[in-house]
Amino acid sequence: MWTALERVPDEVLSRKLLDGDRFHCIKDLVFHVVATEDFWIREEILREQPVRQTISALKDTKGGPVFSGSPLEMLLDYWRLVEQSTLAYLAALTDDELKRIVILHDAPEERFTVDGLLCTL
């Protein structure tokens, strides 16, 4: 996917294609895909700071539609960091971790196992 995105001219990736509240261009969608993984793994499951918070250009963002002027490489660097973090977490999973109960931030009355959440991602 990264290679394909890198071959697309920036004006195409930045062009307004959608009229939604949060997603206007392909770059907005790229951020959303990565930020969703970052949120579920880092914030919900691990209860850690999201990778996004370590990148100054993304630290305070709430998401799209704001990425049309952002360099694609910054978004792909974020994606690579999230993937690296996710792969490290998955490689270290234990049976106990998979059985651990997670309480979601926005639904504290609901309980999920790590295994169940990972299957829904």
# chains A, B, ... in the order shown; residues from 1 in each chain; ligands from 1
call {"tool": "closest_atom_pairs", "arguments": {"of": "region 64-120 of chain A", "to": "region 35-42 of chain A", "cutoff": "9 Å", "atoms": "only C-alpha atoms", "output": "tab-separated table"}}
result
residue	atom	partner	partner_atom	distance
A:Tyr78	CA	A:Ala35	CA	8.8
A:Trp79	CA	A:Ala35	CA	8.3
A:Val82	CA	A:Asp38	CA	6.0
A:Glu83	CA	A:Glu37	CA	8.5
A:Ser85	CA	A:Arg42	CA	8.5
A:Thr86	CA	A:Ile41	CA	6.9
A:Tyr89	CA	A:Ile41	CA	8.5
A:Leu117	CA	A:Trp40	CA	8.3
A:Leu118	CA	A:Ile41	CA	8.4
call {"tool": "select_by_dssp", "arguments": {"residues": "chain A", "states": "strand (DSSP E or B)", "output": "list in words"}}
result
Ile101, Val102, Ile103, Leu104, Ala107, Pro108, Glu109, Glu110, Arg111, Phe112 and Thr113 of chain A
call {"tool": "write_last_selection", "arguments": {"atoms": "N, CA and C atoms", "output": "PDB file, in the first residue's frame"}}
result
ATOM      1  N   ILE A 101      -8.966  -8.828  30.500  1.00  0.00           N
ATOM      2  CA  ILE A 101     -10.190  -8.054  30.264  1.00  0.00           C
ATOM      3  C   ILE A 101      -9.821  -6.590  30.030  1.00  0.00           C
ATOM      4  N   VAL A 102     -10.436  -6.015  29.009  1.00  0.00           N
ATOM      5  CA  VAL A 102     -10.240  -4.607  28.669  1.00  0.00           C
ATOM      6  C   VAL A 102     -11.573  -3.889  28.834  1.00  0.00           C
ATOM      7  N   ILE A 103     -11.533  -2.754  29.505  1.00  0.00           N
ATOM      8  CA  ILE A 103     -12.701  -1.892  29.653  1.00  0.00           C
ATOM      9  C   ILE A 103     -12.486  -0.708  28.733  1.00  0.00           C
ATOM     10  N   LEU A 104     -13.395  -0.505  27.806  1.00  0.00           N
ATOM     11  CA  LEU A 104     -13.242   0.560  26.825  1.00  0.00           C
ATOM     12  C   LEU A 104     -13.459   1.928  27.452  1.00  0.00           C
ATOM     13  N   ALA A 107     -17.036   3.100  26.761  1.00  0.00           N
ATOM     14  CA  ALA A 107     -18.103   2.171  27.153  1.00  0.00           C
ATOM     15  C   ALA A 107     -17.656   1.379  28.384  1.00  0.00           C
ATOM     16  N   PRO A 108     -17.490   2.057  29.527  1.00  0.00           N
ATOM     17  CA  PRO A 108     -16.944   1.392  30.715  1.00  0.00           C
ATOM     18  C   PRO A 108     -17.800   0.253  31.241  1.00  0.00           C
ATOM     19  N   GLU A 109     -19.050   0.190  30.825  1.00  0.00           N
ATOM     20  CA  GLU A 109     -19.908  -0.900  31.272  1.00  0.00           C
ATOM     21  C   GLU A 109     -19.651  -2.192  30.486  1.00  0.00           C
ATOM     22  N   GLU A 110     -18.945  -2.084  29.375  1.00  0.00           N
ATOM     23  CA  GLU A 110     -18.669  -3.263  28.549  1.00  0.00           C
ATOM     24  C   GLU A 110     -17.293  -3.835  28.865  1.00  0.00           C
ATOM     25  N   ARG A 111     -17.185  -5.154  28.760  1.00  0.00           N
ATOM     26  CA  ARG A 111     -15.929  -5.851  29.027  1.00  0.00           C
ATOM     27  C   ARG A 111     -15.596  -6.716  27.817  1.00  0.00           C
ATOM     28  N   PHE A 112     -14.334  -6.681  27.409  1.00  0.00           N
ATOM     29  CA  PHE A 112     -13.865  -7.476  26.284  1.00  0.00           C
ATOM     30  C   PHE A 112     -12.533  -8.114  26.647  1.00  0.00           C
ATOM     31  N   THR A 113     -12.260  -9.262  26.086  1.00  0.00           N
ATOM     32  CA  THR A 113     -10.918  -9.819  26.223  1.00  0.00           C
ATOM     33  C   THR A 113     -10.049  -9.205  25.141  1.00  0.00           C
TER      34      THR A 113
END
call {"tool": "residues_around", "arguments": {"residues": "Met1 (chain A)", "least_positions_apart": "3", "cutoff": "12 Å", "atoms": "only C-alpha atoms", "output": "ChimeraX atom specification"}}
result
/A:4-8,30,33,76,79-80
call {"tool": "write_last_selection", "arguments": {"atoms": "C-alpha atoms", "output": "mmCIF file, in the first residue's frame"}}
result
data_model
loop_
_atom_site.group_PDB
_atom_site.id
_atom_site.type_symbol
_atom_site.label_atom_id
_atom_site.label_comp_id
_atom_site.auth_asym_id
_atom_site.auth_seq_id
_atom_site.Cartn_x
_atom_site.Cartn_y
_atom_site.Cartn_z
ATOM 1 C CA ALA A 4 1.243 2.490 -4.298
ATOM 2 C CA LEU A 5 0.523 5.680 -2.343
ATOM 3 C CA GLU A 6 4.032 6.985 -2.999
ATOM 4 C CA ARG A 7 3.435 6.644 -6.747
ATOM 5 C CA VAL A 8 0.301 8.784 -6.713
ATOM 6 C CA VAL A 30 -4.669 7.309 5.335
ATOM 7 C CA VAL A 33 -6.647 3.982 9.028
ATOM 8 C CA LEU A 76 3.598 7.027 6.046
ATOM 9 C CA TRP A 79 2.025 4.356 9.720
ATOM 10 C CA ARG A 80 5.410 2.612 9.874
#
call {"tool": "closest_residue", "arguments": {"among": "A:Ala88, A:Ile55, A:Ile45, A:Ile26", "to": "Gly116 (chain A)", "atoms": "only C-alpha atoms"}}
result
A:Ile45
call {"tool": "atom_distance", "arguments": {"atom1": "CA of Ser68 (chain A)", "atom2": "CA of Asp21 (chain A)"}}
result
14.1 Å
call {"tool": "closest_residue", "arguments": {"among": "A:Trp2, A:Lys27, A:Leu81, A:Leu72", "to": "Gln53 (chain A)", "atoms": "only C-alpha atoms"}}
result
A:Leu81
call {"tool": "residues_around", "arguments": {"residues": "Ser70 (chain A)", "least_positions_apart": "5", "cutoff": "10 Å", "atoms": "only C-alpha atoms", "output": "list in words"}}
result
Asp10, Ser14, Lys27, Asp28, Ala57 and Leu75 of chain A
call {"tool": "write_last_selection", "arguments": {"atoms": "N, CA, C and O atoms", "output": "short mmCIF file (atom, residue, chain, number, x, y, z; two decimals), in the first residue's frame"}}
result
data_model
loop_
_atom_site.label_atom_id
_atom_site.label_comp_id
_atom_site.auth_asym_id
_atom_site.auth_seq_id
_atom_site.Cartn_x
_atom_site.Cartn_y
_atom_site.Cartn_z
N ASP A 10 0.92 14.03 -5.49
CA ASP A 10 0.41 14.67 -4.28
C ASP A 10 -0.91 15.39 -4.52
O ASP A 10 -1.79 15.37 -3.66
N SER A 14 -4.26 14.84 -2.28
CA SER A 14 -4.75 16.00 -1.53
C SER A 14 -6.09 16.53 -2.05
O SER A 14 -6.70 17.37 -1.40
N LYS A 27 -5.45 11.50 1.82
CA LYS A 27 -4.57 11.64 2.99
C LYS A 27 -5.35 11.60 4.30
O LYS A 27 -4.87 11.05 5.29
N ASP A 28 -6.56 12.16 4.31
CA ASP A 28 -7.40 12.07 5.51
C ASP A 28 -7.72 10.62 5.82
O ASP A 28 -7.71 10.19 6.98
N ALA A 57 4.08 16.94 14.63
CA ALA A 57 3.10 17.42 13.66
C ALA A 57 1.72 16.79 13.85
O ALA A 57 0.73 17.32 13.36
N LEU A 75 2.78 11.03 6.99
CA LEU A 75 1.72 10.08 7.30
C LEU A 75 2.22 8.65 7.19
O LEU A 75 1.87 7.80 8.02
#
call {"tool": "residues_around", "arguments": {"residues": "Gly20 (chain A)", "least_positions_apart": "3", "cutoff": "10 Å", "atoms": "only C-alpha atoms", "output": "count of residues only"}}
result
6
call {"tool": "atom_distance", "arguments": {"atom1": "CA of Phe31 (chain A)", "atom2": "CA of Val66 (chain A)"}}
result
9.8 Å
call {"tool": "select_by_dssp", "arguments": {"residues": "region 22-96 of chain A", "states": "helix (DSSP H, G or I)", "output": "JSON, numbers by chain"}}
result
{"A": [26, 27, 28, 29, 30, 31, 32, 33, 34, 35, 36, 37, 38, 39, 40, 41, 42, 43, 44, 45, 51, 52, 53, 54, 72, 73, 74, 75, 76, 77, 78, 79, 80, 81, 82, 83, 84, 85, 86, 87, 88, 89, 90, 91, 95, 96]}
call {"tool": "decode", "arguments": {"residues": "region 24-104 of chain A", "atoms": "C-alpha atoms", "output": "short mmCIF file (atom, residue, chain, number, x, y, z; two decimals), in the first residue's frame"}}
result
data_model
loop_
_atom_site.label_atom_id
_atom_site.label_comp_id
_atom_site.auth_asym_id
_atom_site.auth_seq_id
_atom_site.Cartn_x
_atom_site.Cartn_y
_atom_site.Cartn_z
CA HIS A 24 -12.13 14.93 2.32
CA CYS A 25 -9.08 13.48 0.65
CA ILE A 26 -7.06 10.29 0.45
CA LYS A 27 -4.57 11.64 2.99
CA ASP A 28 -7.40 12.07 5.51
CA LEU A 29 -8.31 8.41 4.97
CA VAL A 30 -4.67 7.31 5.34
CA PHE A 31 -4.46 9.08 8.69
CA HIS A 32 -7.76 7.55 9.81
CA VAL A 33 -6.65 3.98 9.03
CA VAL A 34 -3.40 4.40 10.94
CA ALA A 35 -4.89 6.37 13.83
CA THR A 36 -7.58 3.70 14.29
CA GLU A 37 -4.96 0.98 14.75
CA ASP A 38 -2.94 3.28 17.00
CA PHE A 39 -6.02 4.01 19.11
CA TRP A 40 -7.20 0.41 19.54
CA ILE A 41 -3.82 -1.14 20.26
CA ARG A 42 -2.06 1.60 22.19
CA GLU A 43 -4.87 3.46 23.93
CA GLU A 44 -7.63 0.90 24.46
CA ILE A 45 -5.74 -2.37 24.84
CA LEU A 46 -2.38 -1.27 26.25
CA ARG A 47 -3.56 1.94 27.96
CA GLU A 48 -0.46 3.69 26.70
CA GLN A 49 0.20 6.94 24.94
CA PRO A 50 -0.61 6.60 21.24
CA VAL A 51 2.27 6.68 18.80
CA ARG A 52 0.68 9.82 17.33
CA GLN A 53 1.66 11.71 20.49
CA THR A 54 5.35 11.15 19.74
CA ILE A 55 5.14 12.99 16.40
CA SER A 56 5.09 16.76 16.85
CA ALA A 57 3.10 17.42 13.66
CA LEU A 58 0.37 14.99 14.75
CA LYS A 59 0.44 15.41 18.51
CA ASP A 60 -2.58 17.71 18.81
CA THR A 61 -4.60 16.60 15.81
CA LYS A 62 -8.12 15.30 16.22
CA GLY A 63 -8.15 13.85 12.70
CA GLY A 64 -9.42 15.03 9.34
CA PRO A 65 -10.17 16.86 7.27
CA VAL A 66 -6.83 18.52 7.79
CA PHE A 67 -4.24 16.43 5.98
CA SER A 68 -4.49 17.66 2.38
CA GLY A 69 -1.51 19.96 2.98
CA SER A 70 0.49 17.41 4.95
CA PRO A 71 3.38 15.56 3.33
CA LEU A 72 2.48 11.99 2.51
CA GLU A 73 5.85 10.87 3.90
CA MET A 74 4.91 12.16 7.36
CA LEU A 75 1.72 10.08 7.30
CA LEU A 76 3.60 7.03 6.05
CA ASP A 77 6.28 7.48 8.72
CA TYR A 78 3.47 7.50 11.30
CA TRP A 79 2.02 4.36 9.72
CA ARG A 80 5.41 2.61 9.87
CA LEU A 81 5.85 3.50 13.54
CA VAL A 82 2.37 2.23 14.38
CA GLU A 83 2.99 -0.98 12.47
CA GLN A 84 6.31 -1.48 14.24
CA SER A 85 4.63 -0.94 17.61
CA THR A 86 1.75 -3.28 16.76
CA LEU A 87 4.03 -6.02 15.49
CA ALA A 88 6.16 -5.82 18.64
CA TYR A 89 3.04 -6.12 20.79
CA LEU A 90 1.67 -9.05 18.79
CA ALA A 91 5.01 -10.88 18.90
CA ALA A 92 5.02 -10.66 22.70
CA LEU A 93 1.41 -11.80 23.26
CA THR A 94 0.93 -14.46 25.89
CA ASP A 95 -2.11 -16.58 26.72
CA ASP A 96 -2.66 -14.50 29.84
CA GLU A 97 -2.56 -11.27 27.82
CA LEU A 98 -5.07 -12.64 25.32
CA LYS A 99 -7.44 -13.47 28.20
CA ARG A 100 -7.00 -10.09 29.92
CA ILE A 101 -10.19 -8.05 30.26
CA VAL A 102 -10.24 -4.61 28.67
CA ILE A 103 -12.70 -1.89 29.65
CA LEU A 104 -13.24 0.56 26.83
#
